[in-house]
Each structure stands twice: as C-alpha cells, then as structure tokens.
file protein.pdb (PDB, C-alpha atoms and all ligand atoms)
MODEL        1
ATOM      1  CA  MET A   1      30.935   0.769  21.364
ATOM      2  CA  THR A   2      30.955  -0.647  17.860
ATOM      3  CA  THR A   3      28.016  -2.403  16.310
ATOM      4  CA  GLU A   4      28.725  -5.149  13.882
ATOM      5  CA  VAL A   5      27.343  -4.382  10.450
ATOM      6  CA  PRO A   6      26.544  -7.492   8.399
ATOM      7  CA  SER A   7      28.253  -7.596   5.040
ATOM      8  CA  PRO A   8      27.448  -9.795   2.056
ATOM      9  CA  VAL A   9      29.550 -12.927   1.588
ATOM     10  CA  ASN A  10      28.926 -12.765  -2.146
ATOM     11  CA  ILE A  11      27.396 -10.379  -4.651
ATOM     12  CA  SER A  12      26.095 -11.922  -7.840
ATOM     13  CA  THR A  13      25.116  -9.856 -10.838
ATOM     14  CA  ARG A  14      23.291 -10.957 -13.918
ATOM     15  CA  PRO A  15      24.559  -8.542 -16.569
ATOM     16  CA  ASP A  16      22.863 -10.471 -19.335
ATOM     17  CA  HIS A  17      19.641 -10.573 -17.340
ATOM     18  CA  GLU A  18      17.340  -8.401 -19.416
ATOM     19  CA  LYS A  19      15.059  -8.078 -16.423
ATOM     20  CA  ILE A  20      15.366  -5.926 -13.331
ATOM     21  CA  LEU A  21      14.510  -7.967 -10.241
ATOM     22  CA  GLY A  22      17.575  -9.778  -8.946
ATOM     23  CA  ALA A  23      19.954  -8.137 -11.469
ATOM     24  CA  THR A  24      22.083  -7.556  -8.370
ATOM     25  CA  THR A  25      21.742 -10.048  -5.529
ATOM     26  CA  LEU A  26      23.499  -9.622  -2.189
ATOM     27  CA  HIS A  27      24.047 -12.961  -0.447
ATOM     28  CA  PHE A  28      24.453 -12.835   3.344
ATOM     29  CA  ASP A  29      25.274 -15.651   5.693
ATOM     30  CA  THR A  30      23.188 -14.507   8.670
ATOM     31  CA  LEU A  31      20.782 -11.592   8.956
ATOM     32  CA  ASP A  32      18.122 -10.759  11.499
ATOM     33  CA  SER A  33      15.643 -10.292   8.629
ATOM     34  CA  THR A  34      16.230  -9.815   4.898
ATOM     35  CA  ASN A  35      13.300  -7.353   4.886
ATOM     36  CA  THR A  36      15.060  -5.205   7.488
ATOM     37  CA  GLU A  37      18.315  -5.258   5.512
ATOM     38  CA  ALA A  38      16.548  -4.459   2.218
ATOM     39  CA  ARG A  39      14.679  -1.607   3.868
ATOM     40  CA  LYS A  40      17.969  -0.198   5.182
ATOM     41  CA  LEU A  41      19.463  -0.358   1.684
ATOM     42  CA  ALA A  42      16.339   1.217   0.168
ATOM     43  CA  ASN A  43      16.573   4.108   2.653
ATOM     44  CA  GLN A  44      20.187   4.570   1.523
ATOM     45  CA  GLY A  45      18.981   4.849  -2.082
ATOM     46  CA  ALA A  46      19.527   1.322  -3.430
ATOM     47  CA  ALA A  47      18.016   0.785  -6.857
ATOM     48  CA  GLU A  48      14.862  -1.086  -7.791
ATOM     49  CA  GLY A  49      15.462  -4.798  -8.125
ATOM     50  CA  VAL A  50      18.297  -5.174  -5.608
ATOM     51  CA  CYS A  51      17.735  -8.538  -3.980
ATOM     52  CA  VAL A  52      18.892  -9.532  -0.489
ATOM     53  CA  VAL A  53      19.266 -13.238   0.309
ATOM     54  CA  ALA A  54      20.326 -14.798   3.614
ATOM     55  CA  ARG A  55      21.288 -18.373   4.396
ATOM     56  CA  GLU A  56      19.743 -17.905   7.836
ATOM     57  CA  GLN A  57      17.519 -15.363   9.587
ATOM     58  CA  THR A  58      17.660 -14.881  13.344
ATOM     59  CA  ALA A  59      14.494 -12.747  13.461
ATOM     60  CA  GLY A  60      12.618 -13.579  10.256
ATOM     61  CA  ARG A  61       9.159 -12.127  10.495
ATOM     62  CA  GLY A  62       5.659 -12.520   9.150
ATOM     63  CA  ARG A  63       2.774 -10.082   9.344
ATOM     64  CA  LEU A  64       2.204  -8.134  12.580
ATOM     65  CA  GLY A  65       5.611  -9.153  13.908
ATOM     66  CA  ARG A  66       4.816 -12.869  13.845
ATOM     67  CA  ASN A  67       7.837 -15.154  13.575
ATOM     68  CA  TRP A  68       9.085 -16.797  10.351
ATOM     69  CA  ASN A  69      11.080 -19.926  11.188
ATOM     70  CA  SER A  70      14.333 -19.553   9.191
ATOM     71  CA  PRO A  71      16.961 -22.232   9.915
ATOM     72  CA  ALA A  72      20.326 -22.004   8.123
ATOM     73  CA  GLY A  73      20.460 -23.422   4.608
ATOM     74  CA  ALA A  74      16.959 -24.904   4.786
ATOM     75  CA  GLY A  75      14.788 -22.177   3.318
ATOM     76  CA  LEU A  76      15.029 -19.446   0.727
ATOM     77  CA  TYR A  77      14.828 -16.102   2.510
ATOM     78  CA  LEU A  78      14.807 -13.165   0.132
ATOM     79  CA  SER A  79      13.705  -9.553  -0.084
ATOM     80  CA  ILE A  80      13.600  -7.385  -3.189
ATOM     81  CA  ILE A  81      13.507  -3.592  -3.342
ATOM     82  CA  LEU A  82      10.706  -2.352  -5.593
ATOM     83  CA  ARG A  83      10.210   1.249  -6.660
ATOM     84  CA  PRO A  84       7.048   1.156  -8.746
ATOM     85  CA  ASN A  85       5.695   4.407 -10.064
ATOM     86  CA  ALA A  86       2.292   3.587  -8.611
ATOM     87  CA  SER A  87      -0.231   4.454  -5.916
ATOM     88  CA  PRO A  88      -0.056   2.733  -2.500
ATOM     89  CA  ALA A  89      -3.164   0.723  -3.467
ATOM     90  CA  ARG A  90      -1.057  -1.124  -6.028
ATOM     91  CA  ALA A  91       0.909  -2.812  -3.205
ATOM     92  CA  ALA A  92      -1.886  -5.413  -2.911
ATOM     93  CA  PHE A  93      -1.107  -6.502  -6.468
ATOM     94  CA  ILE A  94       2.545  -7.043  -5.566
ATOM     95  CA  THR A  95       1.535  -9.648  -2.981
ATOM     96  CA  LEU A  96      -0.805 -11.353  -5.454
ATOM     97  CA  ALA A  97       1.835 -11.251  -8.229
ATOM     98  CA  ALA A  98       4.485 -12.764  -5.954
ATOM     99  CA  ALA A  99       2.078 -15.534  -4.899
ATOM    100  CA  ILE A 100       1.463 -16.417  -8.544
ATOM    101  CA  ALA A 101       5.231 -16.448  -9.248
ATOM    102  CA  VAL A 102       5.972 -18.801  -6.328
ATOM    103  CA  ALA A 103       3.063 -21.117  -7.140
ATOM    104  CA  GLU A 104       4.064 -21.293 -10.805
ATOM    105  CA  THR A 105       7.689 -22.045  -9.903
ATOM    106  CA  LEU A 106       6.560 -24.927  -7.682
ATOM    107  CA  ILE A 107       4.193 -26.283 -10.322
ATOM    108  CA  GLN A 108       6.199 -25.728 -13.513
ATOM    109  CA  ASP A 109       9.810 -26.103 -12.359
ATOM    110  CA  PHE A 110       9.427 -28.580  -9.494
ATOM    111  CA  HIS A 111       6.232 -30.438 -10.454
ATOM    112  CA  THR A 112       4.718 -29.821  -7.034
ATOM    113  CA  PRO A 113       0.973 -29.090  -6.713
ATOM    114  CA  ALA A 114       0.710 -25.619  -5.195
ATOM    115  CA  ASP A 115      -2.355 -23.702  -4.066
ATOM    116  CA  ILE A 116      -2.691 -20.051  -3.020
ATOM    117  CA  LYS A 117      -4.645 -19.006   0.049
ATOM    118  CA  TYR A 118      -5.664 -15.358   0.259
ATOM    119  CA  PRO A 119      -3.768 -13.186   0.734
ATOM    120  CA  ASN A 120      -0.227 -14.408   1.203
ATOM    121  CA  ASP A 121       0.132 -18.159   1.764
ATOM    122  CA  ILE A 122       1.319 -20.784  -0.699
ATOM    123  CA  LEU A 123       0.189 -24.262   0.310
ATOM    124  CA  VAL A 124       1.155 -27.732  -0.822
ATOM    125  CA  ASN A 125      -1.190 -30.525   0.233
ATOM    126  CA  GLY A 126      -2.843 -28.143   2.686
ATOM    127  CA  LYS A 127       0.350 -27.062   4.457
ATOM    128  CA  LYS A 128       2.219 -23.763   4.183
ATOM    129  CA  ILE A 129       5.383 -23.904   2.090
ATOM    130  CA  CYS A 130       5.790 -20.166   1.534
ATOM    131  CA  GLY A 131       4.817 -16.856   3.103
ATOM    132  CA  ILE A 132       4.995 -13.406   1.539
ATOM    133  CA  LEU A 133       5.439 -10.120   3.393
ATOM    134  CA  VAL A 134       5.226  -6.822   1.485
ATOM    135  CA  GLU A 135       6.229  -3.759   3.513
ATOM    136  CA  SER A 136       5.620  -0.372   1.916
ATOM    137  CA  SER A 137       7.143   3.019   2.536
ATOM    138  CA  ILE A 138       4.600   5.705   1.677
ATOM    139  CA  THR A 139       5.309   9.432   1.478
ATOM    140  CA  GLU A 140       2.707  11.999   0.473
ATOM    141  CA  ASN A 141       0.350   9.251  -0.650
ATOM    142  CA  LYS A 142       2.974   7.903  -3.049
ATOM    143  CA  LEU A 143       4.603   4.505  -2.841
ATOM    144  CA  GLU A 144       8.242   5.470  -2.246
ATOM    145  CA  TYR A 145       9.338   1.854  -2.222
ATOM    146  CA  ALA A 146       8.030  -1.578  -1.295
ATOM    147  CA  ILE A 147      10.047  -4.459   0.094
ATOM    148  CA  LEU A 148       8.861  -7.793  -1.242
ATOM    149  CA  GLY A 149       9.866 -10.483   1.264
ATOM    150  CA  ILE A 150       9.452 -14.156   0.400
ATOM    151  CA  GLY A 151      10.243 -17.197   2.532
ATOM    152  CA  VAL A 152      10.085 -20.626   0.876
ATOM    153  CA  ASN A 153      10.679 -23.880   2.769
ATOM    154  CA  ILE A 154      13.039 -25.934   0.630
ATOM    155  CA  ALA A 155      15.208 -28.477   2.434
ATOM    156  CA  GLN A 156      13.681 -28.839   5.917
ATOM    157  CA  PRO A 157      13.357 -32.574   6.718
ATOM    158  CA  ASP A 158      10.901 -31.615   9.484
ATOM    159  CA  PHE A 159       9.689 -28.669  11.547
ATOM    160  CA  PRO A 160       9.564 -27.636  15.218
ATOM    161  CA  ASP A 161       6.539 -29.033  17.077
ATOM    162  CA  GLU A 162       4.484 -25.836  16.861
ATOM    163  CA  LEU A 163       4.741 -25.844  13.033
ATOM    164  CA  LYS A 164       4.595 -29.596  12.313
ATOM    165  CA  THR A 165       0.894 -29.688  11.475
ATOM    166  CA  ILE A 166       0.842 -26.486   9.404
ATOM    167  CA  ALA A 167       4.211 -26.242   7.595
ATOM    168  CA  THR A 168       5.875 -28.227   4.848
ATOM    169  CA  SER A 169       8.912 -28.066   2.547
ATOM    170  CA  LEU A 170       9.815 -29.033  -1.000
ATOM    171  CA  ARG A 171      11.923 -31.831   0.401
ATOM    172  CA  ILE A 172       9.000 -33.283   2.361
ATOM    173  CA  GLU A 173       6.484 -32.940  -0.470
ATOM    174  CA  ALA A 174       8.567 -33.821  -3.520
ATOM    175  CA  ASN A 175      11.561 -35.559  -1.975
ATOM    176  CA  LEU A 176      13.751 -33.178  -3.977
ATOM    177  CA  GLY A 177      17.305 -32.539  -2.837
ATOM    178  CA  ILE A 178      17.492 -29.001  -4.153
ATOM    179  CA  THR A 179      19.131 -26.008  -2.473
ATOM    180  CA  PRO A 180      17.500 -22.631  -1.801
ATOM    181  CA  ASP A 181      19.697 -21.069  -4.533
ATOM    182  CA  GLU A 182      18.374 -23.538  -7.096
ATOM    183  CA  PHE A 183      14.868 -22.321  -6.350
ATOM    184  CA  LEU A 184      15.901 -18.654  -6.573
ATOM    185  CA  GLU A 185      16.843 -18.717 -10.267
ATOM    186  CA  PRO A 186      13.512 -19.851 -11.783
ATOM    187  CA  LEU A 187      11.626 -17.817  -9.174
ATOM    188  CA  LEU A 188      13.338 -14.574 -10.283
ATOM    189  CA  VAL A 189      12.330 -15.179 -13.886
ATOM    190  CA  LYS A 190       8.678 -15.529 -12.880
ATOM    191  CA  LEU A 191       8.792 -12.643 -10.401
ATOM    192  CA  ASN A 192      10.048 -10.365 -13.170
ATOM    193  CA  HIS A 193       7.212 -11.402 -15.447
ATOM    194  CA  TRP A 194       4.429 -11.034 -12.898
ATOM    195  CA  TYR A 195       5.787  -7.795 -11.405
ATOM    196  CA  ILE A 196       5.635  -6.168 -14.832
ATOM    197  CA  GLU A 197       2.070  -7.464 -15.210
ATOM    198  CA  ALA A 198       1.133  -6.086 -11.768
ATOM    199  CA  LEU A 199       2.076  -2.591 -12.951
ATOM    200  CA  ALA A 200       0.916  -2.714 -16.558
ATOM    201  CA  ASN A 201      -1.960  -5.163 -16.600
ATOM    202  CA  PRO A 202      -3.485  -5.809 -13.151
ATOM    203  CA  ALA A 203      -6.389  -7.696 -14.750
ATOM    204  CA  ALA A 204      -3.873 -10.410 -15.697
ATOM    205  CA  ILE A 205      -2.918 -10.708 -12.018
ATOM    206  CA  ILE A 206      -6.544 -11.163 -10.986
ATOM    207  CA  GLU A 207      -6.998 -13.769 -13.712
ATOM    208  CA  GLY A 208      -3.730 -15.616 -12.949
ATOM    209  CA  TRP A 209      -4.415 -15.652  -9.217
ATOM    210  CA  GLN A 210      -7.976 -16.946  -9.636
ATOM    211  CA  THR A 211      -6.743 -19.709 -11.919
ATOM    212  CA  LEU A 212      -4.199 -20.918  -9.368
ATOM    213  CA  SER A 213      -6.163 -20.568  -6.119
ATOM    214  CA  SER A 214      -8.725 -23.136  -5.006
ATOM    215  CA  TYR A 215      -9.934 -20.494  -2.529
ATOM    216  CA  ALA A 216     -10.922 -18.000  -5.244
ATOM    217  CA  ARG A 217     -14.433 -19.196  -6.037
ATOM    218  CA  ASP A 218     -17.074 -21.357  -4.361
ATOM    219  CA  ALA A 219     -14.859 -22.198  -1.386
ATOM    220  CA  LYS A 220     -16.576 -22.234   1.984
ATOM    221  CA  ILE A 221     -14.366 -20.231   4.325
ATOM    222  CA  ARG A 222     -14.157 -18.532   7.693
ATOM    223  CA  VAL A 223     -12.433 -15.124   7.732
ATOM    224  CA  ILE A 224     -10.903 -14.166  11.048
ATOM    225  CA  SER A 225      -9.868 -10.554  11.612
ATOM    226  CA  ASN A 226      -9.121  -8.518  14.746
ATOM    227  CA  ASP A 227     -12.695  -7.554  15.403
ATOM    228  CA  SER A 228     -14.866 -10.092  13.630
ATOM    229  CA  ILE A 229     -15.323 -13.592  12.285
ATOM    230  CA  ILE A 230     -17.460 -14.178   9.216
ATOM    231  CA  GLU A 231     -18.301 -17.310   7.256
ATOM    232  CA  GLY A 232     -19.359 -17.585   3.657
ATOM    233  CA  THR A 233     -18.562 -18.690   0.124
ATOM    234  CA  THR A 234     -15.861 -17.055  -2.011
ATOM    235  CA  ARG A 235     -16.954 -15.299  -5.207
ATOM    236  CA  GLY A 236     -13.633 -14.273  -6.805
ATOM    237  CA  LEU A 237     -11.466 -11.165  -6.596
ATOM    238  CA  THR A 238     -12.560  -7.594  -7.335
ATOM    239  CA  ALA A 239     -10.678  -5.467  -9.869
ATOM    240  CA  SER A 240      -8.742  -3.920  -6.962
ATOM    241  CA  GLY A 241      -7.676  -7.317  -5.585
ATOM    242  CA  ALA A 242     -10.123  -7.749  -2.674
ATOM    243  CA  LEU A 243     -11.720 -11.179  -2.076
ATOM    244  CA  LEU A 244     -15.515 -11.332  -2.397
ATOM    245  CA  VAL A 245     -17.315 -13.483   0.161
ATOM    246  CA  GLU A 246     -21.053 -14.204   0.020
ATOM    247  CA  LEU A 247     -22.589 -14.627   3.472
ATOM    248  CA  ASP A 248     -25.337 -17.171   4.096
ATOM    249  CA  ASP A 249     -27.991 -14.421   3.912
ATOM    250  CA  GLY A 250     -26.788 -13.425   0.437
ATOM    251  CA  GLN A 251     -24.891 -10.276   1.475
ATOM    252  CA  ILE A 252     -21.561  -9.789  -0.301
ATOM    253  CA  ARG A 253     -18.520  -8.667   1.708
ATOM    254  CA  GLU A 254     -15.194  -7.436   0.305
ATOM    255  CA  ILE A 255     -12.224  -8.796   2.221
ATOM    256  CA  VAL A 256      -9.045  -6.742   1.889
ATOM    257  CA  SER A 257      -5.738  -8.380   2.646
ATOM    258  CA  GLY A 258      -4.659  -6.554   5.867
ATOM    259  CA  ASP A 259      -4.401  -8.807   8.862
ATOM    260  CA  ILE A 260      -6.857 -11.573   8.211
ATOM    261  CA  THR A 261      -6.667 -15.327   8.484
ATOM    262  CA  ILE A 262      -8.749 -17.562   6.277
ATOM    263  CA  ARG A 263      -9.741 -21.142   7.055
ATOM    264  CA  SER A 264     -11.455 -23.550   4.705
ATOM    265  CA  LEU A 265     -14.653 -24.870   6.288
ATOM    266  CA  GLU A 266     -14.268 -28.039   4.207
ATOM    267  CA  SER A 267     -10.649 -29.039   4.843
ATOM    268  CA  GLY A 268      -9.938 -26.935   7.963
ATOM    269  CA  VAL A 269      -6.776 -25.522   6.306
TER     270      VAL A 269
HETATM  271  C1  LIG B   1       3.922 -14.719   6.426
HETATM  272  O1  LIG B   1       3.393 -14.125   7.551
HETATM  273  O2  LIG B   1       3.567 -15.773   5.985
HETATM  274  C2  LIG B   1       5.053 -13.939   5.781
HETATM  275  C3  LIG B   1       6.396 -14.611   5.928
HETATM  276  C4  LIG B   1       7.483 -13.885   5.171
HETATM  277  C5  LIG B   1       8.851 -14.437   5.459
HETATM  278  C6  LIG B   1       9.913 -13.815   4.605
HETATM  279  S1  LIG B   1      11.452 -14.619   4.765
HETATM  280  C7  LIG B   1      12.246 -13.365   3.896
HETATM  281  C8  LIG B   1      11.633 -12.061   4.380
HETATM  282  N1  LIG B   1      12.306 -11.565   5.561
HETATM  283  C9  LIG B   1      11.509 -11.579   6.637
HETATM  284  O3  LIG B   1      11.834 -11.232   7.794
HETATM  285  N2  LIG B   1      10.279 -12.035   6.302
HETATM  286  C10 LIG B   1      10.203 -12.334   4.875
HETATM  287  P1  LIG B   1       2.067 -14.617   8.328
HETATM  288  O4  LIG B   1       0.946 -14.783   7.356
HETATM  289  O5  LIG B   1       1.912 -13.636   9.438
HETATM  290  O6  LIG B   1       2.442 -16.058   8.845
HETATM  291  C11 LIG B   1       3.283 -16.250   9.934
HETATM  292  C12 LIG B   1       2.886 -17.590  10.571
HETATM  293  O7  LIG B   1       3.322 -18.674   9.723
HETATM  294  C13 LIG B   1       3.542 -17.848  11.912
HETATM  295  O8  LIG B   1       2.786 -17.276  12.954
HETATM  296  C14 LIG B   1       3.574 -19.391  11.971
HETATM  297  O9  LIG B   1       2.313 -19.888  12.377
HETATM  298  C15 LIG B   1       3.758 -19.776  10.522
HETATM  299  N3  LIG B   1       5.179 -20.049  10.189
HETATM  300  C16 LIG B   1       6.300 -19.536  10.754
HETATM  301  N4  LIG B   1       7.400 -19.993  10.129
HETATM  302  C17 LIG B   1       6.977 -20.825   9.137
HETATM  303  C18 LIG B   1       7.638 -21.597   8.137
HETATM  304  N5  LIG B   1       8.967 -21.599   7.980
HETATM  305  N6  LIG B   1       6.850 -22.331   7.303
HETATM  306  C19 LIG B   1       5.510 -22.337   7.397
HETATM  307  N7  LIG B   1       4.835 -21.629   8.331
HETATM  308  C20 LIG B   1       5.551 -20.873   9.185
ENDMDL
END
call {"tool": "encode", "arguments": {"input": "protein.pdb", "output": "structure tokens"}}
result
Amino acid sequence: MTTEVPSPVNISTRPDHEKILGATTLHFDTLDSTNTEARKLANQGAAEGVCVVAREQTAGRGRLGRNWNSPAGAGLYLSIILRPNASPARAAFITLAAAIAVAETLIQDFHTPADIKYPNDILVNGKKICGILVESSITENKLEYAILGIGVNIAQPDFPDELKTIATSLRIEANLGITPDEFLEPLLVKLNHWYIEALANPAAIIEGWQTLSSYARDAKIRVISNDSIIEGTTRGLTASGALLVELDDGQIREIVSGDITIRSLESGV
C-alpha cells in the first residue's frame, strides 16, 4: 500500500530577506494541518524559520484538538518552525509575540481595529479573526523546537452556522478584497521583529501586549478552566507572561495560558 505524501506546489525563498522567519516558505495546496506538516519537517531536521502555508486544511486544529475551520483560499493557514535557544517557559512569549504581530498587521497594514484576548485570540469588533497554536517539542527540559501555527480569516464572506456569532474575517470587517498571501508578507516582517524581542527582550513583549489588549487591565472577566471558574478584574501581565486577575475579595490569581477560556463580563465576548 502506498500513502500519498503531500508535496509543495511552490517554494518561495527570500534571499534578500535579512530576517529568518519565512526565508523559505513551502506552499501546499491541501494539507491536513500545517502544524502537523511543519512538525514532520522539524523532526527531519528542517531549519529554524521554515514556513509551511496551505491553501486549505482538512483537519486544521486549535488547542486540545478543537477544530479550526479552514476552507480553501479563504484563510491564511501557516506554521513556522522555531528553534530558540531558550527554556520551555519561553514558549508562552512566542504566543504573546505572535498575537502582537497579527494585531499590528491588522491595525497598521489593513487599518482594522484589532484586540487581543488572552492568551491566543485576535478579535475584531468582538469576533475572532485569528487563532494561534504553539506546539513545543521538549527534550531534557530544553525547547528542541516550537511550531508556531497561525490561522487568520481573510476572505470568508460568511461562516458556518456554529461559527457565525463568534468568527469574522478581514473581508467582513474591512470589505477588503485581499488574498491570504497578501496578508502573509507584512505579517512575516512583524513576526520576525517580535520573535527577536521575545528572545532578547521579553519585557518589550509584555509592554507591547498590554498596549494592544483591552483585556490586559481593569477588564471584568470570567476565566473558565477544566476544574474551575473564577471571576475578577484583570491587573496586567506578570514578567513571565501570566495574566493577573483580582478576585472580588481582593485575592490576586495568576492565570497561565494552558487551556483556559476568558469571557468579558461586560461585552460577553
Ligand atoms: C485556536 O484554538 O484558536 C488556534 C487555532 C490555530 C489555527 C492554525 S491554522 C494554521 C495552523 N495549523 C493548524 O492545524 N492550526 C494552526 P482555540 O483557542 O482552541 O480555538 C478553537 C475554537 O475557535 C473552535 O472550537 C471554534 O469555536 C473556533 N473556530 C474554529 N474555526 C474558526 C475560524 N476559522 N475562525 C474563528 N473561530 C474559529
């Protein structure tokens, strides 16, 4: 029995790109998940910065195996291999750095008001336009590699019923007729910048994230995790990237990204 191995339809290189991320980009037509493909390449020794892009994903995923809706040509689906010389704890900064890069691209390059919800959602007008999934490979307490997966809704005119009230796209919000590839270029520039900051100057990530997120400070939220629900008011990020929440009785809790869902008690988003 032979199994079909997907192969890229195009490989673009940016030789004059002084930066690392996306210096080589493999473009696929259909993949199950760009994160799975990037992980396979990383296990085969692919270099830091190799970027995998698919026009369509048949099994795009979010955290804990949740589904990421990935119709052909409508969204940007990309995964980048990262090999930071850093401790596993630094992976949290990669998620925060990527969120800043996506939000800045929406705001600066496409004039679309973007907000960041801890830990991994980018929202426009209260609906999710982008999700980020960082999957790490850790050996002997060292980060061997991390796969940074980003899905951005670009050209969807609408969404399936189950996503209609929570998802949006650049086309819906800004009425822009751009393609996923046109979003990729400015995004890579910002990802390069913020990835370098995540490794060299994490305080800049904390600062940048807090500036862009309306959830960072004084937001009344509910935090839902596997075993508990708490409500309180946000009090910024710690130096290690956890979200501080003050409960009604004045106690302060540190929320670490993991599998949590946050809802605003004011807007419900
Ligand atoms: C995420 O998970 O938000 C991370 C999504 C990462 C997707 C990228 S695409 C490229 C790369 N390859 C992959 O296979 N994945 C990454 P989470 O926080 O668990 O949110 C998932 C939830 O978002 C789902 O349960 C739905 O409720 C919702 N959702 C699914 N598809 C969506 C879409 N296209 N737009 C907005 N929301 C969506």
call {"tool": "residues_near_ligand", "arguments": {"input": "protein.pdb", "ligand": "ligand LIG 1 (chain B)", "cutoff": "6 Å", "atoms": "all atoms listed in the file", "output": "list in words"}}
result
Ser33, Thr34, Asn35, Gly60, Arg61, Gly62, Arg63, Arg66, Asn67, Trp68, Asn69, Ser70, Tyr77, Leu78, Ser79, Asp121, Lys128, Ile129, Gly131, Ile132, Leu133, Gly149, Ile150, Gly151, Asn153 and Ala167 of chain A
call {"tool": "residues_around", "arguments": {"input": "protein.pdb", "residues": "segment 96-107 of chain A", "least_positions_apart": "6", "cutoff": "6 Å", "atoms": "all atoms listed in the file", "output": "number ranges by chain"}}
result
A: 113-114, 187, 190-191, 194, 209
call {"tool": "closest_residue", "arguments": {"input": "protein.pdb", "among": "A:Glu207, A:Asp181, A:Glu135, A:Asp227", "to": "Ile260 of chain A", "atoms": "all atoms listed in the file"}}
result
A:Asp227
call {"tool": "residues_around", "arguments": {"input": "protein.pdb", "residues": "segment 169-173 of chain A", "least_positions_apart": "5", "cutoff": "12 Å", "atoms": "only C-alpha atoms", "output": "NGL selection string"}}
result
:A and (74-76 or 105-107 or 109-114 or 122-131 or 151-159 or 163-164 or 178-180 or 182-183)
call {"tool": "closest_residue", "arguments": {"input": "protein.pdb", "among": "A:Thr30, A:Thr24, A:Ser240, A:Asn192", "to": "Glu254 of chain A", "atoms": "only C-alpha atoms"}}
result
A:Ser240
call {"tool": "atom_distance", "arguments": {"input": "protein.pdb", "atom1": "atom CA of Ala242 of chain A", "atom2": "atom CA of Thr36 of chain A"}}
result
27.3 Å
call {"tool": "residues_around", "arguments": {"input": "protein.pdb", "residues": "Leu41 of chain A", "least_positions_apart": "3", "cutoff": "12 Å", "atoms": "only C-alpha atoms", "output": "PyMOL selection string"}}
result
chain A and resi 7+26+34-38+44-52+79-82+145-147
call {"tool": "closest_residue", "arguments": {"input": "protein.pdb", "among": "A:Pro202, A:Pro71, A:Pro8, A:Gly177", "to": "Leu237 of chain A", "atoms": "all atoms listed in the file"}}
result
A:Pro202
call {"tool": "closest_residue", "arguments": {"input": "protein.pdb", "among": "A:Leu212, A:Ile230, A:Ala59, A:Ala200", "to": "Ile255 of chain A", "atoms": "all atoms listed in the file"}}
result
A:Ile230
call {"tool": "atom_distance", "arguments": {"input": "protein.pdb", "atom1": "atom CA of Ile116 of chain A", "atom2": "atom CA of Asp161 of chain A"}}
result
23.9 Å
call {"tool": "atom_distance", "arguments": {"input": "protein.pdb", "atom1": "atom CA of Leu143 of chain A", "atom2": "atom CA of Val189 of chain A"}}
result
23.9 Å
call {"tool": "build_atoms", "arguments": {"input": "protein.pdb", "residues": "segment 100-106 of chain A", "atoms": "all heavy atoms", "output": "JSON list (two decimals), in the frame of the given file"}}
result
[["chain", "number", "residue", "atom", "x", "y", "z"],
["A", 100, "ILE", "N", 1.57, -15.70, -7.27],
["A", 100, "ILE", "CA", 1.46, -16.42, -8.54],
["A", 100, "ILE", "C", 2.85, -16.93, -8.96],
["A", 100, "ILE", "O", 3.00, -18.09, -9.38],
["A", 100, "ILE", "CB", 0.92, -15.49, -9.67],
["A", 100, "ILE", "CG1", -0.50, -15.02, -9.34],
["A", 100, "ILE", "CG2", 0.94, -16.20, -11.01],
["A", 100, "ILE", "CD1", -1.01, -13.94, -10.31],
["A", 101, "ALA", "N", 3.87, -16.07, -8.82],
["A", 101, "ALA", "CA", 5.23, -16.45, -9.25],
["A", 101, "ALA", "C", 5.74, -17.66, -8.46],
["A", 101, "ALA", "O", 6.32, -18.60, -9.03],
["A", 101, "ALA", "CB", 6.18, -15.26, -9.08],
["A", 102, "VAL", "N", 5.51, -17.67, -7.14],
["A", 102, "VAL", "CA", 5.97, -18.80, -6.33],
["A", 102, "VAL", "C", 5.20, -20.07, -6.70],
["A", 102, "VAL", "O", 5.79, -21.14, -6.90],
["A", 102, "VAL", "CB", 5.82, -18.51, -4.81],
["A", 102, "VAL", "CG1", 6.17, -19.74, -3.99],
["A", 102, "VAL", "CG2", 6.69, -17.33, -4.39],
["A", 103, "ALA", "N", 3.88, -19.94, -6.82],
["A", 103, "ALA", "CA", 3.06, -21.12, -7.14],
["A", 103, "ALA", "C", 3.47, -21.69, -8.49],
["A", 103, "ALA", "O", 3.63, -22.91, -8.65],
["A", 103, "ALA", "CB", 1.58, -20.75, -7.12],
["A", 104, "GLU", "N", 3.67, -20.82, -9.47],
["A", 104, "GLU", "CA", 4.06, -21.29, -10.80],
["A", 104, "GLU", "C", 5.44, -21.97, -10.77],
["A", 104, "GLU", "O", 5.66, -22.96, -11.48],
["A", 104, "GLU", "CB", 4.14, -20.11, -11.77],
["A", 104, "GLU", "CG", 2.83, -19.83, -12.45],
["A", 104, "GLU", "CD", 3.00, -18.90, -13.66],
["A", 104, "GLU", "OE1", 4.13, -18.45, -13.94],
["A", 104, "GLU", "OE2", 2.00, -18.62, -14.28],
["A", 105, "THR", "N", 6.36, -21.43, -10.00],
["A", 105, "THR", "CA", 7.69, -22.04, -9.90],
["A", 105, "THR", "C", 7.56, -23.45, -9.34],
["A", 105, "THR", "O", 8.16, -24.42, -9.84],
["A", 105, "THR", "CB", 8.63, -21.19, -9.02],
["A", 105, "THR", "OG1", 8.64, -19.86, -9.54],
["A", 105, "THR", "CG2", 10.04, -21.74, -8.99],
["A", 106, "LEU", "N", 6.74, -23.60, -8.28],
["A", 106, "LEU", "CA", 6.56, -24.93, -7.68],
["A", 106, "LEU", "C", 5.93, -25.89, -8.69],
["A", 106, "LEU", "O", 6.37, -27.04, -8.83],
["A", 106, "LEU", "CB", 5.66, -24.82, -6.44],
["A", 106, "LEU", "CG", 6.33, -24.21, -5.20],
["A", 106, "LEU", "CD1", 5.28, -23.76, -4.18],
["A", 106, "LEU", "CD2", 7.30, -25.21, -4.56]]
